[in-house]
Structure formats: C-alpha cells, structure tokens
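**Student:** Below is the file input-v1.cif, with mmCIF, C-alpha atoms and all ligand atoms.
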data_upload
#
loop_
_atom_site.label_atom_id
_atom_site.label_comp_id
_atom_site.auth_asym_id
_atom_site.auth_seq_id
_atom_site.Cartn_x
_atom_site.Cartn_y
_atom_site.Cartn_z
CA MET A 1 -41.58 96.47 32.77
CA ARG A 2 -42.48 99.41 34.98
CA ILE A 3 -44.97 101.43 32.95
CA ALA A 4 -46.22 104.92 33.80
CA VAL A 5 -49.48 105.70 32.05
CA LEU A 6 -50.12 109.44 32.11
CA GLY A 7 -53.85 109.91 31.74
CA THR A 8 -56.87 109.02 33.85
CA GLY A 9 -59.41 109.11 31.00
CA GLN A 10 -60.82 106.20 29.07
CA VAL A 11 -57.58 105.66 27.14
CA GLY A 12 -55.24 105.77 30.12
CA ARG A 13 -57.44 103.35 32.03
CA THR A 14 -57.75 100.92 29.13
CA LEU A 15 -54.00 100.85 28.48
CA ALA A 16 -53.15 100.67 32.19
CA GLY A 17 -55.61 97.86 32.84
CA ARG A 18 -54.32 95.80 29.92
CA CYS A 19 -50.65 96.34 30.81
CA ALA A 20 -51.33 95.26 34.40
CA GLN A 21 -53.24 92.21 33.16
CA LEU A 22 -50.14 91.32 31.13
CA GLY A 23 -48.09 91.36 34.33
CA HIS A 24 -46.43 94.77 34.05
CA ASP A 25 -45.92 97.02 37.03
CA VAL A 26 -48.29 99.89 36.20
CA VAL A 27 -48.71 103.33 37.73
CA VAL A 28 -51.25 105.82 36.40
CA GLY A 29 -50.15 109.44 36.59
CA THR A 30 -52.48 112.34 37.33
CA ARG A 31 -52.03 115.94 38.47
CA ASP A 32 -53.62 115.43 41.89
CA PRO A 33 -54.44 111.84 42.95
CA ARG A 34 -56.70 112.96 45.80
CA GLN A 35 -58.74 115.17 43.50
CA THR A 36 -58.91 112.48 40.81
CA MET A 37 -60.20 109.94 43.34
CA ALA A 38 -62.73 112.46 44.70
CA ARG A 39 -64.38 113.07 41.30
CA THR A 40 -67.95 111.80 41.18
CA ASP A 41 -69.07 112.97 37.72
CA THR A 42 -68.78 111.14 34.41
CA ASP A 43 -66.54 113.03 31.93
CA ALA A 44 -67.61 114.50 28.57
CA MET A 45 -67.16 111.07 26.95
CA GLY A 46 -69.44 109.43 29.53
CA THR A 47 -66.48 107.79 31.32
CA PRO A 48 -67.43 106.93 34.92
CA PRO A 49 -65.50 108.45 37.86
CA TYR A 50 -61.92 107.24 38.26
CA ALA A 51 -62.54 105.86 41.77
CA GLN A 52 -65.01 103.37 40.33
CA TRP A 53 -62.41 102.05 37.84
CA GLN A 54 -59.71 102.07 40.54
CA ALA A 55 -61.84 99.86 42.80
CA GLU A 56 -62.03 97.31 39.99
CA HIS A 57 -58.25 97.52 39.33
CA PRO A 58 -56.47 97.30 42.69
CA ASP A 59 -53.32 96.12 40.87
CA VAL A 60 -52.87 99.57 39.25
CA ALA A 61 -51.44 102.35 41.41
CA LEU A 62 -52.43 106.02 41.11
CA ALA A 63 -49.78 108.67 41.72
CA THR A 64 -48.79 112.18 40.71
CA ASN A 65 -47.33 112.46 37.22
CA ALA A 66 -43.94 113.08 38.87
CA GLU A 67 -44.13 109.95 41.04
CA ALA A 68 -45.39 107.86 38.14
CA GLY A 69 -42.63 108.99 35.79
CA ALA A 70 -39.81 108.41 38.28
CA GLY A 71 -38.29 105.00 37.66
CA ALA A 72 -40.56 104.12 34.75
CA ASP A 73 -39.04 102.04 31.94
CA LEU A 74 -41.76 103.26 29.62
CA VAL A 75 -44.01 106.33 29.80
CA VAL A 76 -47.32 106.23 27.94
CA ASN A 77 -48.79 109.61 27.03
CA ALA A 78 -52.57 109.18 27.21
CA THR A 79 -53.36 112.78 28.14
CA ASN A 80 -55.39 115.37 26.31
CA GLY A 81 -53.08 116.32 23.43
CA SER A 82 -53.47 120.05 24.11
CA VAL A 83 -51.81 119.64 27.52
CA SER A 84 -49.50 116.67 26.92
CA GLN A 85 -46.32 118.75 27.11
CA ALA A 86 -47.24 119.97 30.60
CA ALA A 87 -48.07 116.43 31.76
CA LEU A 88 -44.79 115.04 30.37
CA THR A 89 -42.87 117.88 32.00
CA ASP A 90 -44.47 117.05 35.36
CA ALA A 91 -43.54 113.39 34.81
CA GLY A 92 -39.87 114.35 34.49
CA VAL A 93 -39.59 113.15 30.91
CA GLY A 94 -37.09 115.92 30.11
CA ALA A 95 -34.71 114.73 32.81
CA ARG A 96 -34.47 111.05 31.83
CA ASP A 97 -31.90 110.37 29.13
CA GLY A 98 -33.17 107.82 26.59
CA LEU A 99 -36.57 107.32 28.23
CA VAL A 100 -39.01 105.64 25.84
CA VAL A 101 -42.34 107.48 25.51
CA LEU A 102 -45.27 105.88 23.71
CA ASP A 103 -47.44 108.78 22.53
CA VAL A 104 -51.04 107.81 21.78
CA ALA A 105 -52.47 111.34 22.06
CA ASN A 106 -54.26 113.48 19.51
CA VAL A 107 -55.01 117.18 19.65
CA LEU A 108 -58.73 117.75 19.13
CA GLU A 109 -60.21 121.24 19.45
CA PHE A 110 -63.98 121.03 19.55
CA GLY A 111 -65.80 124.16 18.48
CA ALA A 112 -68.76 125.15 16.38
CA GLY A 113 -67.76 123.37 13.15
CA PRO A 114 -68.78 119.89 12.02
CA LEU A 115 -65.26 118.54 12.70
CA PRO A 116 -62.85 119.48 15.51
CA GLY A 117 -59.60 121.27 14.81
CA ILE A 118 -56.59 118.96 14.95
CA GLY A 119 -53.02 119.51 16.07
CA ALA A 120 -51.26 118.21 12.97
CA THR A 121 -50.63 119.63 9.52
CA THR A 122 -48.18 118.72 6.76
CA GLU A 123 -45.79 121.04 8.64
CA GLY A 124 -45.82 119.38 12.07
CA SER A 125 -47.52 117.18 14.65
CA LEU A 126 -47.90 116.68 18.37
CA GLY A 127 -45.49 113.74 18.28
CA GLU A 128 -42.78 115.89 16.72
CA ARG A 129 -43.42 118.80 19.06
CA LEU A 130 -43.07 116.47 22.06
CA GLN A 131 -39.85 114.97 20.63
CA ALA A 132 -38.47 118.50 20.13
CA ALA A 133 -39.55 119.57 23.63
CA PHE A 134 -37.87 116.50 25.21
CA PRO A 135 -34.83 115.82 23.01
CA ALA A 136 -33.29 113.32 25.46
CA ALA A 137 -36.42 111.16 25.39
CA ARG A 138 -37.25 108.70 22.62
CA MET A 139 -40.76 109.39 21.36
CA VAL A 140 -42.75 106.70 19.55
CA LYS A 141 -46.12 107.58 18.06
CA ALA A 142 -48.52 104.64 17.85
CA LEU A 143 -52.11 103.51 18.48
CA ASN A 144 -53.60 107.01 17.99
CA THR A 145 -55.48 105.89 14.85
CA MET A 146 -58.00 103.67 16.64
CA ASN A 147 -60.37 103.45 19.56
CA CYS A 148 -58.75 102.44 22.85
CA ALA A 149 -60.66 99.15 23.12
CA VAL A 150 -59.14 98.10 19.78
CA MET A 151 -55.65 99.33 20.81
CA VAL A 152 -55.34 96.67 23.51
CA ASP A 153 -57.46 93.94 21.89
CA PRO A 154 -57.18 94.02 18.08
CA ALA A 155 -59.31 90.86 17.81
CA ARG A 156 -62.36 93.04 18.57
CA VAL A 157 -62.24 94.00 14.88
CA PRO A 158 -62.04 91.14 12.35
CA GLY A 159 -59.36 91.02 9.68
CA ASP A 160 -55.69 91.89 9.40
CA HIS A 161 -56.03 95.58 10.23
CA VAL A 162 -52.88 97.43 11.20
CA VAL A 163 -51.21 99.70 13.71
CA PHE A 164 -48.65 102.35 12.72
CA VAL A 165 -45.47 103.24 14.59
CA ALA A 166 -43.32 106.31 14.00
CA GLY A 167 -40.20 107.34 15.87
CA ASP A 168 -36.58 108.33 15.34
CA ASP A 169 -35.03 105.61 17.51
CA ALA A 170 -35.14 101.98 16.34
CA GLU A 171 -34.54 100.56 19.82
CA ALA A 172 -37.41 102.59 21.28
CA LYS A 173 -39.68 101.44 18.47
CA ALA A 174 -38.71 97.84 19.25
CA VAL A 175 -39.75 98.33 22.91
CA VAL A 176 -43.14 99.63 21.75
CA GLN A 177 -43.50 96.92 19.12
CA ASP A 178 -42.91 94.26 21.79
CA LEU A 179 -45.70 95.75 23.89
CA LEU A 180 -47.98 95.91 20.83
CA GLY A 181 -47.19 92.23 20.29
CA GLU A 182 -48.32 91.50 23.85
CA PHE A 183 -51.58 93.35 23.11
CA GLY A 184 -52.13 90.98 20.16
CA TRP A 185 -50.64 92.85 17.20
CA GLY A 186 -48.67 90.34 15.14
CA SER A 187 -45.45 91.79 13.70
CA GLU A 188 -46.90 91.65 10.15
CA ARG A 189 -49.64 94.03 11.29
CA ILE A 190 -47.26 96.66 12.71
CA VAL A 191 -46.43 99.17 9.98
CA ASP A 192 -43.28 101.22 10.61
CA LEU A 193 -43.69 104.69 9.06
CA GLY A 194 -40.10 105.66 9.81
CA GLY A 195 -39.18 108.74 11.86
CA ILE A 196 -41.39 110.70 14.22
CA VAL A 197 -42.33 112.88 11.22
CA GLY A 198 -44.76 110.02 10.43
CA ALA A 199 -46.90 111.30 13.32
CA ARG A 200 -48.14 114.00 10.94
CA ALA A 201 -49.84 111.38 8.83
CA THR A 202 -51.41 109.40 11.66
CA GLU A 203 -52.61 112.54 13.47
CA MET A 204 -54.05 114.01 10.23
CA TYR A 205 -56.12 110.83 9.81
CA ILE A 206 -58.32 111.75 12.78
CA PRO A 207 -60.94 113.79 10.86
CA LEU A 208 -61.49 110.75 8.61
CA TRP A 209 -61.65 108.49 11.67
CA LEU A 210 -64.33 110.74 13.21
CA SER A 211 -66.30 110.82 9.95
CA LEU A 212 -66.10 107.04 9.69
CA MET A 213 -67.32 106.65 13.26
CA GLY A 214 -70.32 108.80 12.36
CA ALA A 215 -70.98 106.87 9.17
CA LEU A 216 -70.53 103.41 10.69
CA GLY A 217 -72.16 104.17 14.03
CA THR A 218 -69.38 102.47 16.00
CA PRO A 219 -65.82 103.33 17.10
CA GLU A 220 -64.76 99.69 16.61
CA PHE A 221 -63.16 99.65 13.17
CA ASN A 222 -59.64 100.07 11.85
CA ILE A 223 -57.47 100.46 8.75
CA ALA A 224 -56.46 97.33 6.81
CA LEU A 225 -53.86 97.56 4.02
CA ALA A 226 -54.21 95.69 0.74
CA ARG A 227 -50.94 95.51 -1.18
N1 LIG B 301 -60.81 107.80 23.02
C1 LIG B 301 -60.04 107.03 22.30
O1 LIG B 301 -60.32 105.84 22.09
C2 LIG B 301 -58.77 107.59 21.71
C3 LIG B 301 -58.19 106.97 20.61
C4 LIG B 301 -56.95 107.44 20.12
C5 LIG B 301 -56.33 108.50 20.77
N2 LIG B 301 -56.94 109.12 21.82
C6 LIG B 301 -56.23 110.21 22.51
O2 LIG B 301 -55.85 109.71 23.80
C7 LIG B 301 -55.72 110.79 24.73
C8 LIG B 301 -56.52 110.49 25.99
O3 LIG B 301 -57.90 110.51 25.70
P1 LIG B 301 -58.97 110.32 26.87
O4 LIG B 301 -60.30 110.51 26.25
O5 LIG B 301 -58.68 109.11 27.65
O6 LIG B 301 -58.65 111.48 27.90
P2 LIG B 301 -58.72 113.09 27.77
O7 LIG B 301 -59.99 113.53 28.41
O8 LIG B 301 -58.39 113.54 26.40
O9 LIG B 301 -57.48 113.48 28.71
C9 LIG B 301 -57.54 113.20 30.06
C10 LIG B 301 -56.21 113.43 30.68
O10 LIG B 301 -55.68 114.71 30.33
C11 LIG B 301 -55.13 115.30 31.51
N3 LIG B 301 -55.20 116.76 31.55
C12 LIG B 301 -56.25 117.54 31.26
N4 LIG B 301 -55.92 118.85 31.45
C13 LIG B 301 -54.62 118.87 31.87
C14 LIG B 301 -53.69 119.90 32.21
N5 LIG B 301 -54.04 121.19 32.16
N6 LIG B 301 -52.44 119.54 32.58
C15 LIG B 301 -52.08 118.22 32.62
N7 LIG B 301 -52.91 117.20 32.30
C16 LIG B 301 -54.16 117.52 31.95
C17 LIG B 301 -55.98 114.76 32.63
O11 LIG B 301 -55.18 114.82 33.78
P3 LIG B 301 -55.74 114.60 35.24
O12 LIG B 301 -55.77 113.13 35.46
O13 LIG B 301 -54.75 115.29 36.09
O14 LIG B 301 -57.11 115.22 35.29
C18 LIG B 301 -56.31 113.37 32.19
O15 LIG B 301 -55.35 112.46 32.68
C19 LIG B 301 -56.18 112.04 23.97
O16 LIG B 301 -55.07 112.71 23.48
C20 LIG B 301 -57.03 111.46 22.84
O17 LIG B 301 -57.10 112.33 21.72
C21 LIG B 301 -58.15 108.71 22.28
#
Any chance you could put this one into structure tokens?
Ligand SMILES: NC(=O)c1ccc[n+]([C@@H]2O[C@H](COP(=O)([O-])OP(=O)(O)OC[C@H]3O[C@@H](n4cnc5c(N)ncnc54)[C@H](OP(=O)(O)O)[C@@H]3O)[C@@H](O)[C@H]2O)c1
**Tutor:**
Amino acid sequence: MRIAVLGTGQVGRTLAGRCAQLGHDVVVGTRDPRQTMARTDTDAMGTPPYAQWQAEHPDVALATNAEAGAGADLVVNATNGSVSQAALTDAGVGARDGLVVLDVANVLEFGAGPLPGIGATTEGSLGERLQAAFPAARMVKALNTMNCAVMVDPARVPGDHVVFVAGDDAEAKAVVQDLLGEFGWGSERIVDLGGIVGARATEMYIPLWLSLMGALGTPEFNIALAR
C-alpha cells in the first residue's frame, strides 16, 4: 500500500517507520521539507530533530503534504489535532473521492490547569469534524488511546489490551483493521465502536490517559476489557 503519514513528530515517525518495515511504500508529509530537515532542536516532547530520524530511515521519503497525499491509498493523520484540518486540506484529502484516512490525532490545549483542554465533548470530536470537513473521504478513528510505541507494537504491554476503531464506512474500517493486524493487533483485540461518532468517546478518554501516565510513571499501558 502507498501510505502518506502526515506528521513529522514522534507519532508520525513511529507509524511511518513501522509501515515501511512492513513493506509499505511510505511518504511522510510536512509543510516544508527543507525547513523540517533543517531543524536542529528537539521538540517540546524531547523528540530529536527530524533529520536524525530520516538518516536512520532512508526507506521513508519526506515530501510536502500535497505531494505525500497525491496517489496515497491511505492517509494517516498524525498531526497536532488543532491544525489537522489544515494539514489534510494541504494533502488534498478533500479532492480524493473515497480516500481512507486513519485519524490518530487528539486535540490537546496546554494551559495553566492541571489537565490540558481537549477537543472532544459529548457533542462532537475531531474525528467527526474532519469527516464533516472532508465528506468524500472515509475517516477512521483509531490508535489515539495509547502511546505511539504501543500503537505499532502491542506486545510492549502484556495482556489482551485493545484498540478501538470508529468510522462510518465498513470498507474503510476493514482497510485500517488489516493494517492494525499487521502491527500485531489480533482481530479479537480490535473493538469496533461503530460510526465516527465513537471518536467522541476515545478522544474524551485522554484526560484519564494523562492521569494514568502520571500515576503509573510510564506511557506504556493500555485498556483491557473484561466481559
Ligand atoms: N504522543 C503519542 O504517543 C500520541 C498518542 C496518541 C495520539 N497522539 C496524537 O498524535 C498526533 C501527533 O503527535 P506528535 O506528538 O507526533 O506531534 P505534534 O507535535 O502533535 O504534531 C506535529 C505535526 O503537526 C504539524 N503542524 C503543526 N502546526 C501546523 C500547522 N499550523 N499546519 C499544519 N501542520 C502543522 C507539524 O507539521 P510540520 O511537519 O509541517 O511541522 C507536525 O507534522 C497529535 O494529534 C497527538 O495528540 C499522540
């Protein structure tokens, strides 16, 4: 599959690297490749400069969001959730009928309070807003409830913990579920929440995820369901 991963942060890199390792044709999308390669600082999360990661991953191409999106079979949204709509617009998502978009983003607004503001309420979510903004695309929300290392290698956390998928189109969800299977998520561990409205629930989980990370002292944990 030709996969465009929009996002040069920790999440974009982790997903792009894993997809390339699995044999997919992967392009990472950024606003300005030259500027991205010229960065020398670590980001707020302590992520090293992109050029360092690129040197270790010569099999992954870097291109503008527009170049990355053109011809992609699957677009992965791994951008800052506050700006995802702009990034998807640049990638031409609105112009590609039926394009499958895997949305892993969350909206986090860090301020003075103990927890950041989030972009989801019981009234709406980023996933739904992106689906509404790009009605011809087929949005699938998944993987946003865990750390990126766990997304692509669930065995890092013991037990039968789960990943949620939400999206209006069954075929698009099947494309994403196949990729999740390649990452190591057995089908019994993929929980289908139904339509993209399910993104409200997974995005509203983030304050609990952040509190758990603080309490446990590690980002490497996940939700397991007992039934
Ligand atoms: N950290 C995790 O393990 C984790 C887990 C679950 C979900 N998430 C979510 O995954 C997403 C990516 O997280 P991250 O920490 O890797 O990266 P991030 O710092 O949240 O986002 C970086 C990306 O956002 C893009 N961006 C920033 N401002 C932009 C603008 N004005 N217009 C267009 N694009 C812009 C950057 O584009 P350029 O390349 O052009 O600079 C970059 O590719 C976030 O939504 C996050 O909430 C993270």
**Student:** Taking all atoms listed in the file into account, which residues have an atom no farther than 7 Å from ligand LIG 301 (chain B)? I'd like them as an MDAnalysis selection string.
**Tutor:** chainID A and resid 6:12 29:32 36 45 78:81 83:84 86:87 104:108 143:149
**Student:** Just checking: using only C-alpha atoms, which residue out of A:Glu128, A:Asp97, A:Glu123, A:Glu56 ends up closest to A:Gly71?
**Tutor:** A:Asp97
**Student:** Could you jot down the atom CA of A:Val100 to atom CA of A:Val75 separation for me, Å, one decimal place?
**Tutor:** 6.4 Å
**Student:** Name the closest residue to A:Phe110 among the candidates A:Gly214, A:Ser82, A:Leu208, A:Arg34; distances are taken between atoms, counting only C-alpha atoms.
**Tutor:**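 Counting only C-alpha atoms, the residue closest to A:Phe110 is A:Ser82.
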**Student:** Using only C-alpha atoms, pick whichever of A:Glu109, A:Tyr50, A:Met139, A:Ala63 has the shortest atom-to-atom distance to A:Gly94.
**Tutor:**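 The shortest atom-to-atom distance to A:Gly94 comes from A:Met139.
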**Student:** Can you list, as a list of chain:residue names, every protein, DNA or RNA residue that comes within 9 Å of A:Ala16 when you count only C-alpha atoms, leaving out same-chain residues fewer than 2 positions away?
**Tutor:** A:Ile3, A:Ala4, A:Val5, A:Val11, A:Gly12, A:Arg13, A:Thr14, A:Arg18, A:Cys19, A:Ala20, A:Gln21, A:Val26, A:Val27, A:Val28, A:Val60
**Student:** Neighbouring residues of A:Val162 were defined as those with any atom within 6 Å, considering all atoms listed in the file; residues of the same chain fewer than 3 positions away were excluded. Please report them as number ranges by chain.
**Tutor:** A: 189-190, 224
**Student:** Residues as selected, C-alpha atoms, written as an mmCIF file, in the coordinates of the input, can you do that?
**Tutor:**
data_model
loop_
_atom_site.group_PDB
_atom_site.id
_atom_site.type_symbol
_atom_site.label_atom_id
_atom_site.label_comp_id
_atom_site.auth_asym_id
_atom_site.auth_seq_id
_atom_site.Cartn_x
_atom_site.Cartn_y
_atom_site.Cartn_z
ATOM 1 C CA ARG A 189 -49.640 94.030 11.290
ATOM 2 C CA ILE A 190 -47.260 96.660 12.710
ATOM 3 C CA ALA A 224 -56.460 97.330 6.810
#
**Student:** Have a look at A:Ile223, A:Arg138, A:Ser187, A:Gly198 and name the one nearest to A:Gly159; count all atoms listed in the file.
**Tutor:** A:Ile223
**Student:** Could you state the separation of atom CA of A:Ala142 and atom CA of A:Asp25 in Å, given to one decimal place?
**Tutor:**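 Separation between atom CA of A:Ala142 and atom CA of A:Asp25: 20.8 Å.
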**Student:** Compare A:Pro135, A:Gly92, A:Pro158, A:Gly184 by their minimum atom-to-atom distance to A:Leu22, counting all atoms listed in the file, and give me the closest one.
**Tutor:** A:Gly184
**Student:** So how far away is atom CA of A:Ala51 from atom CA of A:Val101, in Å?
**Tutor:** 26.0 Å
**Student:** The centre and edge lengths of an axis-aligned box containing all atoms of stretch 93-103 of chain A present in the file, extended by 6 Å on each side, are to be given in Å to one decimal, as AutoDock Vina command-line options.
**Tutor:**
--center_x -39.7 --center_y 110.8 --center_z 27.7 --size_x 27.5 --size_y 22.3 --size_z 22.3
**Student:** Calculated over all atoms listed in the file, which of the candidates A:Met213, A:Leu179, A:Val150, A:Met37 has the smallest distance to A:His24?
**Tutor:**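 Ranking A:Met213, A:Leu179, A:Val150, A:Met37 by distance to A:His24, first place goes to A:Leu179.
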**Student:** For the point (-46.7, 111.1, 10.9) in file coordinates, what residues are within 10 Å, counting all atoms listed in the file? Give the answer as a list of chain:residue names?
**Tutor:** A:Ala120, A:Thr121, A:Thr122, A:Gly124, A:Ser125, A:Leu126, A:Gly127, A:Glu128, A:Lys141, A:Ala142, A:Phe164, A:Val165, A:Ala166, A:Gly167, A:Leu193, A:Gly194, A:Gly195, A:Ile196, A:Val197, A:Gly198, A:Ala199, A:Arg200, A:Ala201, A:Thr202, A:Glu203, A:Met204, A:Tyr205
